[in-house]
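Asker: Sharing structure21.txt here; it has compact mmCIF, C-alpha atoms and all ligand atoms.
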# COMPACT_ATOMS: atom_id res chain seq x y z
CA MET A 49 157.00 132.82 -2.13
CA LYS A 50 158.59 129.43 -2.83
CA ALA A 51 161.44 128.37 -0.51
CA PRO A 52 164.31 128.79 -0.49
CA TYR A 53 164.44 132.56 -0.70
CA ALA A 54 166.12 135.48 0.98
CA VAL A 55 165.35 139.14 1.53
CA TYR A 56 168.20 141.25 0.16
CA VAL A 57 169.32 144.81 0.71
CA THR A 58 169.48 145.52 -3.02
CA LYS A 59 171.10 148.97 -2.51
CA LEU A 60 171.60 151.23 0.50
CA GLY A 61 168.53 153.28 1.34
CA GLY A 62 165.07 153.21 2.94
CA PRO A 63 162.96 150.14 3.84
CA GLU A 64 161.87 149.84 0.19
CA VAL A 65 165.31 148.53 -0.85
CA LEU A 66 164.51 145.21 0.90
CA GLN A 67 163.48 142.69 -1.74
CA ALA A 68 162.66 138.95 -1.59
CA LEU A 69 164.52 136.88 -4.20
CA PRO A 70 164.97 133.12 -4.75
CA ILE A 71 168.22 131.49 -3.58
CA ASP A 72 169.78 128.05 -4.12
CA MET A 73 169.24 125.59 -1.26
CA PRO A 74 172.43 125.87 0.85
CA VAL A 75 174.62 122.78 1.20
CA ALA A 76 176.58 122.16 4.42
CA LYS A 77 180.40 122.27 4.18
CA PRO A 78 182.17 119.85 6.59
CA ASN A 79 182.05 122.29 9.55
CA GLU A 80 178.59 123.71 8.83
CA VAL A 81 174.96 122.89 9.48
CA VAL A 82 172.04 123.94 7.30
CA ILE A 83 169.23 125.58 9.25
CA ALA A 84 165.58 125.97 8.20
CA HIS A 85 164.57 129.20 9.95
CA THR A 86 161.39 129.26 12.03
CA ALA A 87 161.72 132.81 13.44
CA ILE A 88 164.05 135.63 12.44
CA ALA A 89 165.08 138.52 14.66
CA VAL A 90 164.75 142.14 13.60
CA ASN A 91 167.38 144.22 15.37
CA PHE A 92 168.15 147.90 15.05
CA VAL A 93 171.55 147.07 13.57
CA ASP A 94 169.71 145.72 10.50
CA VAL A 95 168.40 149.25 9.94
CA TYR A 96 171.88 150.82 10.33
CA LEU A 97 173.38 148.46 7.74
CA ARG A 98 170.48 148.83 5.28
CA ALA A 99 170.71 152.62 5.49
CA GLY A 100 174.51 152.61 5.25
CA GLN A 101 175.07 154.20 8.67
CA PRO A 102 178.78 153.57 9.46
CA HIS A 103 179.09 150.52 11.71
CA SER A 104 181.78 148.06 12.80
CA HIS A 105 181.26 146.21 9.50
CA ASN A 106 179.29 147.60 6.52
CA PRO A 107 178.64 145.02 3.78
CA ASP A 108 178.30 146.24 0.20
CA PRO A 109 174.91 145.58 -1.44
CA PRO A 110 173.48 143.30 -2.50
CA PHE A 111 173.58 141.50 0.85
CA ILE A 112 171.23 139.52 3.10
CA PRO A 113 170.73 141.47 6.35
CA GLY A 114 169.96 140.11 9.82
CA VAL A 115 172.28 138.92 12.60
CA SER A 116 170.18 136.36 14.46
CA ALA A 117 167.47 133.74 13.97
CA VAL A 118 166.11 130.45 15.29
CA GLY A 119 165.66 127.28 13.29
CA ARG A 120 165.83 123.54 12.90
CA VAL A 121 168.95 121.71 11.74
CA VAL A 122 168.14 120.02 8.40
CA GLU A 123 171.64 118.98 7.29
CA VAL A 124 174.83 118.32 9.24
CA GLY A 125 178.34 118.67 7.74
CA ALA A 126 180.62 115.63 7.84
CA ALA A 127 182.96 117.07 10.52
CA VAL A 128 180.24 118.29 12.91
CA LYS A 129 180.08 116.15 16.04
CA ASP A 130 177.66 117.79 18.48
CA LEU A 131 174.56 118.58 16.38
CA VAL A 132 172.03 116.30 14.68
CA VAL A 133 169.19 116.81 12.23
CA GLY A 134 166.15 118.11 14.13
CA ASP A 135 168.07 120.11 16.77
CA ILE A 136 166.64 123.56 17.46
CA ILE A 137 169.35 126.20 17.55
CA THR A 138 169.78 129.95 17.52
CA TYR A 139 172.76 132.10 16.61
CA THR A 140 174.03 135.64 16.51
CA ASN A 141 176.96 137.36 14.82
CA ALA A 142 177.75 134.25 12.82
CA GLY A 143 178.89 135.98 9.64
CA VAL A 144 175.69 135.02 7.78
CA GLY A 145 172.62 137.06 6.87
CA SER A 146 169.50 135.74 8.60
CA TYR A 147 166.65 137.26 6.50
CA CYS A 148 166.22 133.99 4.59
CA THR A 149 164.41 130.67 4.77
CA HIS A 150 167.58 128.51 4.94
CA VAL A 151 171.19 129.23 5.81
CA ALA A 152 174.46 127.31 6.04
CA LEU A 153 175.88 128.19 9.45
CA PRO A 154 179.35 127.53 10.91
CA ALA A 155 178.46 124.84 13.48
CA ASP A 156 180.58 126.49 16.19
CA ARG A 157 178.22 129.51 16.14
CA ALA A 158 175.12 127.41 16.91
CA ILE A 159 173.57 127.90 20.36
CA PRO A 160 171.24 125.02 21.36
CA VAL A 161 167.80 126.31 22.44
CA PRO A 162 166.48 124.77 25.67
CA PRO A 163 163.04 123.14 25.34
CA GLY A 164 159.92 125.06 26.29
CA ILE A 165 160.73 128.52 24.87
CA SER A 166 158.93 129.53 21.68
CA ALA A 167 160.96 130.28 18.56
CA GLU A 168 159.41 133.77 18.43
CA ARG A 169 160.48 134.58 22.00
CA VAL A 170 164.02 133.34 21.37
CA ALA A 171 164.25 135.33 18.12
CA ALA A 172 162.88 138.41 19.86
CA GLY A 173 165.10 138.03 22.87
CA ILE A 174 168.42 136.30 22.35
CA VAL A 175 170.47 139.26 21.05
CA ARG A 176 168.80 141.56 23.56
CA ALA A 177 169.38 139.20 26.48
CA LEU A 178 173.02 138.53 25.53
CA THR A 179 173.54 142.28 25.22
CA SER A 180 171.94 142.90 28.62
CA GLN A 181 174.14 140.14 30.06
CA TYR A 182 177.43 141.82 29.13
CA LEU A 183 176.12 145.32 29.89
CA LEU A 184 175.09 144.36 33.41
CA LYS A 185 177.57 141.65 34.32
CA GLN A 186 180.80 142.38 32.48
CA MET A 187 181.27 146.15 32.36
CA TYR A 188 180.91 147.72 35.80
CA PRO A 189 181.21 146.46 39.41
CA PHE A 190 177.60 147.15 40.39
CA LYS A 191 176.45 147.00 44.01
CA ALA A 192 172.82 146.59 45.04
CA GLY A 193 171.27 150.03 45.43
CA ASP A 194 173.39 151.71 42.71
CA THR A 195 171.34 154.09 40.55
CA VAL A 196 171.46 153.69 36.77
CA LEU A 197 169.80 155.48 33.86
CA ILE A 198 168.40 153.36 31.01
CA HIS A 199 167.41 155.16 27.80
CA ALA A 200 164.67 153.77 25.49
CA ALA A 201 163.62 151.42 28.29
CA ALA A 202 160.41 150.30 26.57
CA GLY A 203 162.27 149.14 23.43
CA GLY A 204 163.65 145.70 22.67
CA VAL A 205 166.92 145.77 24.63
CA GLY A 206 165.46 148.27 27.10
CA GLN A 207 162.74 145.89 28.31
CA ILE A 208 165.10 143.05 29.28
CA LEU A 209 167.79 145.41 30.56
CA THR A 210 165.35 147.18 32.88
CA GLN A 211 163.96 143.96 34.37
CA TRP A 212 167.40 142.40 34.76
CA ALA A 213 168.80 145.55 36.41
CA LYS A 214 165.97 145.41 38.95
CA ARG A 215 166.72 141.72 39.63
CA LEU A 216 170.30 142.75 40.44
CA GLY A 217 168.97 145.23 42.99
CA LEU A 218 169.75 148.40 41.04
CA ARG A 219 167.65 151.55 41.26
CA VAL A 220 166.49 152.28 37.72
CA ILE A 221 165.63 155.62 36.17
CA ALA A 222 164.21 154.98 32.70
CA THR A 223 163.55 157.22 29.72
CA ALA A 224 161.13 156.64 26.86
CA GLY A 225 159.75 158.64 23.94
CA SER A 226 156.02 158.69 24.71
CA ASP A 227 153.66 158.52 27.67
CA LYS A 228 152.56 155.04 26.57
CA LYS A 229 156.19 153.87 26.67
CA VAL A 230 156.77 155.59 30.04
CA LYS A 231 153.91 153.51 31.43
CA ILE A 232 155.52 150.33 30.07
CA ALA A 233 158.88 151.26 31.64
CA LEU A 234 157.18 151.60 35.02
CA GLU A 235 155.36 148.28 34.54
CA LEU A 236 158.76 146.68 33.85
CA GLY A 237 159.88 147.78 37.31
CA ALA A 238 161.68 151.06 36.67
CA ASP A 239 161.64 153.18 39.83
CA TYR A 240 161.19 156.37 37.80
CA ALA A 241 160.40 156.95 34.13
CA ILE A 242 160.90 160.16 32.16
CA ASN A 243 159.31 161.06 28.83
CA TYR A 244 162.43 162.51 27.20
CA SER A 245 160.39 163.81 24.25
CA THR A 246 158.61 166.29 26.52
CA GLN A 247 160.85 166.59 29.59
CA ASP A 248 164.53 167.50 29.99
CA PHE A 249 165.92 164.22 31.29
CA VAL A 250 169.06 165.79 32.76
CA THR A 251 167.01 168.11 34.96
CA GLU A 252 164.78 165.20 36.00
CA VAL A 253 167.70 162.88 36.83
CA LYS A 254 169.33 165.59 38.93
CA ARG A 255 166.05 166.17 40.76
CA ILE A 256 165.47 162.46 41.40
CA THR A 257 169.05 161.90 42.64
CA ASN A 258 169.29 165.11 44.70
CA ASN A 259 171.99 166.31 42.29
CA GLU A 260 174.17 163.27 42.95
CA GLY A 261 173.76 161.76 39.48
CA VAL A 262 173.90 158.10 38.44
CA CYS A 263 176.83 155.69 38.36
CA VAL A 264 176.07 154.27 34.90
CA VAL A 265 174.01 155.41 31.89
CA PHE A 266 172.99 152.77 29.35
CA ASP A 267 172.70 154.90 26.23
CA SER A 268 171.50 153.18 23.04
CA VAL A 269 170.14 156.39 21.52
CA GLY A 270 173.41 158.21 20.84
CA LYS A 271 173.33 161.56 19.07
CA THR A 272 170.36 163.16 20.83
CA THR A 273 171.09 161.85 24.34
CA PHE A 274 174.85 161.41 24.75
CA ASP A 275 175.82 164.87 26.05
CA GLY A 276 172.90 164.73 28.50
CA SER A 277 173.95 161.23 29.56
CA VAL A 278 177.42 162.50 30.47
CA ALA A 279 175.81 165.38 32.40
CA CYS A 280 173.76 162.86 34.44
CA LEU A 281 176.84 161.03 35.80
CA ALA A 282 178.01 161.08 39.38
CA PRO A 283 181.81 161.50 39.77
CA LYS A 284 183.67 158.43 38.40
CA GLY A 285 180.50 157.44 36.53
CA LEU A 286 180.32 155.63 33.19
CA VAL A 287 178.28 156.21 30.01
CA ILE A 288 177.95 153.01 27.98
CA ASN A 289 176.99 154.15 24.48
CA PHE A 290 175.89 150.82 23.02
CA GLY A 291 173.60 152.04 20.23
CA THR A 292 172.96 154.97 17.92
CA ALA A 293 169.21 154.87 17.20
CA SER A 294 169.13 158.68 16.75
CA GLY A 295 172.50 158.86 14.95
CA GLN A 296 176.15 158.66 15.90
CA VAL A 297 177.78 160.70 18.64
CA GLU A 298 179.93 163.36 17.00
CA GLY A 299 182.55 165.81 18.21
CA PHE A 300 182.90 164.48 21.74
CA ALA A 301 185.84 166.07 23.60
CA LEU A 302 187.72 163.58 25.79
CA GLN A 303 188.82 166.44 28.03
CA ASP A 304 185.18 166.86 29.15
CA LEU A 305 185.64 163.71 31.24
CA HIS A 306 188.61 165.05 33.17
CA ALA A 307 187.15 167.29 35.89
CA ARG A 308 184.95 164.56 37.42
CA SER A 309 186.98 161.45 36.40
CA LEU A 310 184.20 160.19 34.13
CA TRP A 311 184.53 157.43 31.56
CA VAL A 312 182.68 156.46 28.40
CA CYS A 313 182.80 153.39 26.20
CA ARG A 314 181.28 152.09 22.94
CA PRO A 315 181.01 148.27 23.19
CA THR A 316 179.46 145.72 20.85
CA LEU A 317 178.00 142.26 21.47
CA ARG A 318 180.11 141.03 18.53
CA THR A 319 183.29 141.20 20.66
CA TYR A 320 181.70 139.64 23.72
CA VAL A 321 180.41 136.56 21.85
CA ALA A 322 183.44 136.17 19.55
CA LYS A 323 184.76 133.18 21.54
CA ARG A 324 182.45 130.17 21.63
CA ASP A 325 183.00 129.44 25.32
CA ASP A 326 182.12 133.03 26.27
CA MET A 327 179.03 132.94 24.03
CA LEU A 328 177.76 129.71 25.57
CA ALA A 329 178.41 130.91 29.14
CA MET A 330 176.50 134.14 28.42
CA SER A 331 173.70 132.10 26.80
CA VAL A 332 173.08 130.24 30.06
CA ASP A 333 172.26 133.57 31.74
CA ALA A 334 170.31 134.79 28.72
CA PHE A 335 168.12 131.67 28.54
CA GLU A 336 167.47 131.88 32.29
CA MET A 337 165.78 135.21 31.57
CA LEU A 338 164.00 134.07 28.39
CA ALA A 339 162.74 130.83 30.00
CA ASP A 340 161.17 132.75 32.87
CA PRO A 341 157.56 133.53 31.92
CA THR A 342 157.50 136.41 34.40
CA VAL A 343 160.13 138.23 32.33
CA ARG A 344 158.19 140.49 30.00
CA LEU A 345 159.37 140.70 26.43
CA ASP A 346 156.74 142.33 24.27
CA ILE A 347 156.54 141.15 20.69
CA GLU A 348 155.09 144.09 18.81
CA ALA A 349 154.51 142.18 15.59
CA VAL A 350 155.17 138.82 13.97
CA LEU A 351 155.37 139.52 10.24
CA PRO A 352 155.97 137.34 7.19
CA LEU A 353 159.60 137.50 6.05
CA THR A 354 158.44 138.95 2.72
CA GLN A 355 157.22 141.99 4.71
CA ALA A 356 160.66 142.80 6.13
CA SER A 357 160.40 146.35 4.79
CA GLU A 358 157.30 146.92 6.93
CA ALA A 359 159.23 145.65 9.98
CA HIS A 360 161.94 148.24 9.31
CA ARG A 361 159.35 151.00 8.84
CA LEU A 362 157.85 150.18 12.23
CA LEU A 363 161.22 150.12 13.99
CA GLU A 364 162.43 153.36 12.44
CA GLY A 365 159.04 154.98 12.98
CA ARG A 366 159.81 154.73 16.72
CA THR A 367 156.33 153.43 17.47
CA THR A 368 157.39 149.95 18.55
CA THR A 369 157.59 148.68 22.09
CA GLY A 370 159.41 145.40 22.47
CA ALA A 371 160.51 143.42 19.44
CA ILE A 372 159.50 142.52 15.89
CA VAL A 373 159.95 138.99 14.55
CA LEU A 374 159.83 137.71 10.96
CA VAL A 375 158.65 134.22 10.03
CA PRO A 376 159.33 132.60 6.67
CA ASP A 377 156.12 132.50 4.60
CA VAL A 378 156.38 129.84 1.92
CA ASP A 379 153.89 128.68 -0.74
N1 LIG B 401 176.22 147.39 21.08
C1 LIG B 401 175.56 146.26 21.22
O1 LIG B 401 176.13 145.25 21.63
C2 LIG B 401 174.10 146.21 20.87
C3 LIG B 401 173.44 144.99 20.76
C4 LIG B 401 172.07 144.99 20.50
C5 LIG B 401 171.39 146.20 20.34
N2 LIG B 401 172.09 147.37 20.42
C6 LIG B 401 171.43 148.67 20.30
O2 LIG B 401 170.41 148.71 21.28
C7 LIG B 401 169.39 149.58 20.82
C8 LIG B 401 168.06 148.90 20.95
O3 LIG B 401 167.98 147.91 19.95
P1 LIG B 401 166.60 147.23 19.60
O4 LIG B 401 166.84 146.46 18.35
O5 LIG B 401 166.10 146.51 20.78
O6 LIG B 401 165.70 148.48 19.20
P2 LIG B 401 164.49 149.16 20.00
O7 LIG B 401 164.93 149.49 21.39
O8 LIG B 401 163.31 148.29 19.86
O9 LIG B 401 164.27 150.48 19.17
C9 LIG B 401 165.10 151.58 19.34
C10 LIG B 401 164.47 152.63 20.26
O10 LIG B 401 165.32 153.76 20.26
C11 LIG B 401 164.55 154.88 20.59
N3 LIG B 401 164.91 156.02 19.71
C12 LIG B 401 165.36 157.21 20.15
N4 LIG B 401 165.58 158.02 19.11
C13 LIG B 401 165.23 157.36 18.00
C14 LIG B 401 165.19 157.69 16.63
N5 LIG B 401 165.59 158.89 16.19
N6 LIG B 401 164.76 156.77 15.74
C15 LIG B 401 164.36 155.55 16.15
N7 LIG B 401 164.39 155.17 17.45
C16 LIG B 401 164.80 156.06 18.37
C17 LIG B 401 163.07 154.52 20.42
O11 LIG B 401 162.51 154.44 21.73
P3 LIG B 401 161.83 155.77 22.36
O12 LIG B 401 160.73 156.16 21.42
O13 LIG B 401 161.35 155.34 23.68
O14 LIG B 401 162.92 156.80 22.41
C18 LIG B 401 163.12 153.13 19.79
O15 LIG B 401 162.05 152.34 20.20
C19 LIG B 401 169.75 149.98 19.38
O16 LIG B 401 170.37 151.24 19.43
C20 LIG B 401 170.74 148.91 18.98
O17 LIG B 401 171.64 149.34 18.00
C21 LIG B 401 173.43 147.38 20.69
I'd like the structure from this file rewritten - as structure tokens, please.
Answerer:
Amino acid sequence: MKAPYAVYVTKLGGPEVLQALPIDMPVAKPNEVVIAHTAIAVNFVDVYLRAGQPHSHNPDPPFIPGVSAVGRVVEVGAAVKDLVVGDIITYTNAGVGSYCTHVALPADRAIPVPPGISAERVAAGIVRALTSQYLLKQMYPFKAGDTVLIHAAAGGVGQILTQWAKRLGLRVIATAGSDKKVKIALELGADYAINYSTQDFVTEVKRITNNEGVCVVFDSVGKTTFDGSVACLAPKGLVINFGTASGQVEGFALQDLHARSLWVCRPTLRTYVAKRDDMLAMSVDAFEMLADPTVRLDIEAVLPLTQASEAHRLLEGRTTTGAIVLVPDVD
């Protein structure tokens, strides 16, 4: 397709509602830069918003989905001081849809990309690394040797989270939905990995921890795992429900936390990167992980942007390990 174009969610529904349509070339306002995308992230949140699953913000169709991408600055607004044409930047939660060839971006949301990391790896990893950063470094006072449970450990966030948790000296019990994914979780460094499609993960966690439970559960699956996650906690433990891949948690009774002084929370990266200084400080940590070639971040598929619907089918089909990246295909 001829640039510029964007993939729109034309109405709420399945992957088929994603449609590529021409757009006007964006023009930078004084505080904006225009970016030519080189790699576009596919995150699970894109699926929630396309399907109309209630989220912190649900745009009305038609809208351009996508929260993060990488690209080259091709135009700089008159008031922008710290970026020049040719800079390579990434962004997340910038208030723009990223499934497009070109976008006008508020310059204060741009994150400079250090040299030496491919656009595909940054697109695959930046949201997942920033998320892992706040989950591991800003939510709980971990000590080396603490035991945590990470659900969907072979997925996009799960891969970085598992490796980072090990680097912090935590003991990791992982779950994953197939034997192939269990193997990947172990390769990533998890101390134990449970196939929660065939095994009861609560029973397994209790067995592994001699009934003590874990101090923190990282639960991005939601509906099908949340009650079990709470049951896996040691006294004073925390469930961080940071995603709802299986659906939203419903009907949770706060009183269930009382007897063992448990706590639960439902954070979002959006809040943690809202302030530019916080976002840049977190990016330093995130790029340290992404720049390290020993950090594994599987890229399941690099697909043309016009095949965004196929990317969503793969992600929802639960067959993916690691990330999917879209690249603009232009005539
Ligand atoms: N709150 C935040 O700040 C934040 C930021 C970024 C991402 N997230 C969340 O983190 C999670 C991971 O995101 P990601 O983009 O990297 O996706 P992903 O991990 O690549 O894919 C989601 C995984 O969830 C598991 N899953 C369990 N039940 C599922 C179901 N019914 N349908 C589909 N998948 C199911 C699958 O792994 P198994 O087959 O192994 O179960 C699947 O691979 C998502 O829930 C996302 O919303 C949250």
Asker: Mind giving me the straight-line distance from atom CA of A:Arg366 to atom CA of A:Gly206 in Å, one decimal?
Answerer: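 According to the coordinates, atom CA of A:Arg366 and atom CA of A:Gly206 are separated by 13.5 Å.
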Asker: If you measure from atom CA of A:Leu317 to atom CA of A:Gly217, what distance in Å do you get, rounded to one decimal?
Answerer: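 Rounded to one decimal, the two atoms are 23.5 Å apart.
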Asker: Using all atoms listed in the file, what table do you get, as a Markdown table, when you list each residue of chain A with an atom no more than 7 Å from ligand LIG 401 (chain B), its nearest pair of atoms, and their distance in Å rounded to one decimal, rows by chain then rising number?
Answerer:
| residue | atom | partner | partner_atom | distance |
| --- | --- | --- | --- | --- |
| A:Val90 | CA | B:LIG401 | O4 | 6.8 |
| A:Asn91 | CA | B:LIG401 | O4 | 3.8 |
| A:Phe92 | CA | B:LIG401 | O4 | 3.8 |
| A:Val93 | CA | B:LIG401 | O17 | 5.0 |
| A:Val175 | CA | B:LIG401 | C4 | 6.0 |
| A:Arg176 | CA | B:LIG401 | C4 | 5.6 |
| A:Thr179 | CA | B:LIG401 | C3 | 5.2 |
| A:Ala200 | CA | B:LIG401 | O13 | 4.1 |
| A:Ala201 | CA | B:LIG401 | O13 | 6.5 |
| A:Ala202 | CA | B:LIG401 | O13 | 5.9 |
| A:Gly203 | CA | B:LIG401 | O7 | 3.4 |
| A:Gly204 | CA | B:LIG401 | O5 | 3.2 |
| A:Val205 | CA | B:LIG401 | O5 | 4.0 |
| A:Gly206 | CA | B:LIG401 | O7 | 5.9 |
| A:Thr223 | CA | B:LIG401 | O13 | 6.7 |
| A:Ala224 | CA | B:LIG401 | O13 | 3.4 |
| A:Gly225 | CA | B:LIG401 | O12 | 3.7 |
| A:Ser226 | CA | B:LIG401 | O12 | 6.3 |
| A:Lys229 | CA | B:LIG401 | O13 | 6.1 |
| A:Ser268 | CA | B:LIG401 | O16 | 4.3 |
| A:Val269 | CA | B:LIG401 | C12 | 5.0 |
| A:Phe290 | CA | B:LIG401 | N1 | 4.0 |
| A:Gly291 | CA | B:LIG401 | O16 | 3.4 |
| A:Thr292 | CA | B:LIG401 | O16 | 4.8 |
| A:Ala293 | CA | B:LIG401 | O16 | 4.4 |
| A:Ser294 | CA | B:LIG401 | N5 | 3.6 |
| A:Pro315 | CA | B:LIG401 | N1 | 5.3 |
| A:Thr316 | CA | B:LIG401 | O1 | 3.5 |
| A:Leu317 | CA | B:LIG401 | O1 | 3.5 |
| A:Arg318 | CA | B:LIG401 | O1 | 6.6 |
| A:Leu363 | CA | B:LIG401 | O9 | 6.0 |
| A:Glu364 | CA | B:LIG401 | C15 | 4.7 |
| A:Gly365 | CA | B:LIG401 | C15 | 6.2 |
| A:Arg366 | CA | B:LIG401 | C15 | 4.7 |
| A:Thr367 | CA | B:LIG401 | O15 | 6.4 |
| A:Thr368 | CA | B:LIG401 | O15 | 5.5 |
| A:Thr369 | CA | B:LIG401 | O15 | 6.1 |
| A:Gly370 | CA | B:LIG401 | O8 | 5.5 |
| A:Ala371 | CA | B:LIG401 | O8 | 5.6 |
Asker: Hey, can you pull every residue with an atom no more than 10 Å from (165.8, 127.7, 2.1), using all atoms listed in the file, and send it as a PyMOL selection string?
Answerer: chain A and resi 50-54+70-74+82-85+148-152+376+378
Asker: Taking into account all atoms listed in the file, which residue in the set A:Leu69, A:Ala155, A:Val81, A:Ala76 is nearest to A:Val133?
Answerer: A:Val81
Asker: Using Å and a single decimal, report how far atom CA of A:Val278 sits from atom CA of A:Thr257.
Answerer: 14.8 Å
Asker: Identify, on the basis of only C-alpha atoms, every residue whose closest approach to A:Phe111 does not exceed 10 Å; exclude the query and any residue fewer than 3 positions from it along the same chain; express the result as a PyMOL selection string.
Answerer: chain A and resi 54-60+66+97-98+107-108+114+144-145+147
Asker: Compare A:Ile256, A:Val122, A:Ala117, A:Met49 by their minimum atom-to-atom distance to A:Val75, counting all atoms listed in the file, and give me the closest one.
Answerer: A:Val122
Asker: Using only C-alpha atoms, pick whichever of A:Leu153, A:Leu236, A:Ile288, A:Val196 has the shortest atom-to-atom distance to A:Leu183.
Answerer: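 For A:Leu183, the nearest of the candidates is A:Ile288.
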Asker: Quick one: residues within 10 Å of A:Ala307, only C-alpha atoms counted, chain neighbours fewer than 4 positions away excluded, as a list in words?
Answerer: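 After dropping sequence-adjacent residues, the list is Pro283, Lys284 and Gln303 of chain A.
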Asker: Any idea what's packed within 10 Å of A:Val321, counting only C-alpha atoms, ignoring anything in its chain fewer than 2 positions away? Could you give it as an mmCIF file with C-alpha atoms, in the coordinates of the input?
Answerer:
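Output below, filename selection-v2.cif:
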data_model
loop_
_atom_site.group_PDB
_atom_site.id
_atom_site.type_symbol
_atom_site.label_atom_id
_atom_site.label_comp_id
_atom_site.auth_asym_id
_atom_site.auth_seq_id
_atom_site.Cartn_x
_atom_site.Cartn_y
_atom_site.Cartn_z
ATOM 1 C CA THR A 140 174.030 135.640 16.510
ATOM 2 C CA ASN A 141 176.960 137.360 14.820
ATOM 3 C CA ALA A 142 177.750 134.250 12.820
ATOM 4 C CA ARG A 157 178.220 129.510 16.140
ATOM 5 C CA LEU A 178 173.020 138.530 25.530
ATOM 6 C CA THR A 179 173.540 142.280 25.220
ATOM 7 C CA TYR A 182 177.430 141.820 29.130
ATOM 8 C CA THR A 316 179.460 145.720 20.850
ATOM 9 C CA LEU A 317 178.000 142.260 21.470
ATOM 10 C CA ARG A 318 180.110 141.030 18.530
ATOM 11 C CA THR A 319 183.290 141.200 20.660
ATOM 12 C CA LYS A 323 184.760 133.180 21.540
ATOM 13 C CA ARG A 324 182.450 130.170 21.630
ATOM 14 C CA ASP A 325 183.000 129.440 25.320
ATOM 15 C CA ASP A 326 182.120 133.030 26.270
ATOM 16 C CA MET A 327 179.030 132.940 24.030
ATOM 17 C CA LEU A 328 177.760 129.710 25.570
ATOM 18 C CA ALA A 329 178.410 130.910 29.140
ATOM 19 C CA MET A 330 176.500 134.140 28.420
ATOM 20 C CA SER A 331 173.700 132.100 26.800
#
Asker: Which residues of stretch 220-323 of chain A come within 8 Å of stretch 212-215 of chain A, and for each one, what is the closest pair of atoms and their distance in Å to one decimal, counting only C-alpha atoms, sorted by chain and residue number, as JSON lines?
Answerer:
{"residue": "A:Val220", "atom": "CA", "partner": "A:Lys214", "partner_atom": "CA", "distance": 7.0}
{"residue": "A:Gly237", "atom": "CA", "partner": "A:Lys214", "partner_atom": "CA", "distance": 6.7}
{"residue": "A:Ala238", "atom": "CA", "partner": "A:Lys214", "partner_atom": "CA", "distance": 7.5}
Asker: Which is closest to A:Phe190 among A:Leu286, A:Ala167, A:Ala339, A:Pro110, if we use only C-alpha atoms?
Answerer: A:Leu286
Asker: Nearest residue to A:Ala99 out of A:Glu235, A:Gly295, A:Cys313, A:Ala192, using all atoms listed in the file?
Answerer: A:Gly295
Asker: Which of these, A:Val161, A:Ile112, A:Ile88, A:Leu218, has the shortest distance to A:Val332 once you count only C-alpha atoms?
Answerer: A:Val161
Asker: Compile the contact shell of stretch 134-138 of chain A as a PDB file with C-alpha atoms, keeping the file's coordinate frame: residues with an atom at most 8 Å away, counting all atoms listed in the file, same-chain residues fewer than 4 positions apart removed.
Answerer:
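Final output, saved to selection.pdb:
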ATOM      1  CA  SER A 116     170.180 136.360  14.460  1.00  0.00           C
ATOM      2  CA  ALA A 117     167.470 133.740  13.970  1.00  0.00           C
ATOM      3  CA  VAL A 118     166.110 130.450  15.290  1.00  0.00           C
ATOM      4  CA  GLY A 119     165.660 127.280  13.290  1.00  0.00           C
ATOM      5  CA  ARG A 120     165.830 123.540  12.900  1.00  0.00           C
ATOM      6  CA  VAL A 121     168.950 121.710  11.740  1.00  0.00           C
ATOM      7  CA  VAL A 122     168.140 120.020   8.400  1.00  0.00           C
ATOM      8  CA  ALA A 158     175.120 127.410  16.910  1.00  0.00           C
ATOM      9  CA  ILE A 159     173.570 127.900  20.360  1.00  0.00           C
ATOM     10  CA  PRO A 160     171.240 125.020  21.360  1.00  0.00           C
ATOM     11  CA  VAL A 161     167.800 126.310  22.440  1.00  0.00           C
ATOM     12  CA  VAL A 170     164.020 133.340  21.370  1.00  0.00           C
ATOM     13  CA  ALA A 171     164.250 135.330  18.120  1.00  0.00           C
TER      14      ALA A 171
END
Asker: Would you mind listing what lies within 9 Å of A:Asp333 as a count of residues only, with all atoms listed in the file counted and same-chain residues fewer than 5 positions away left out?
Answerer: 4
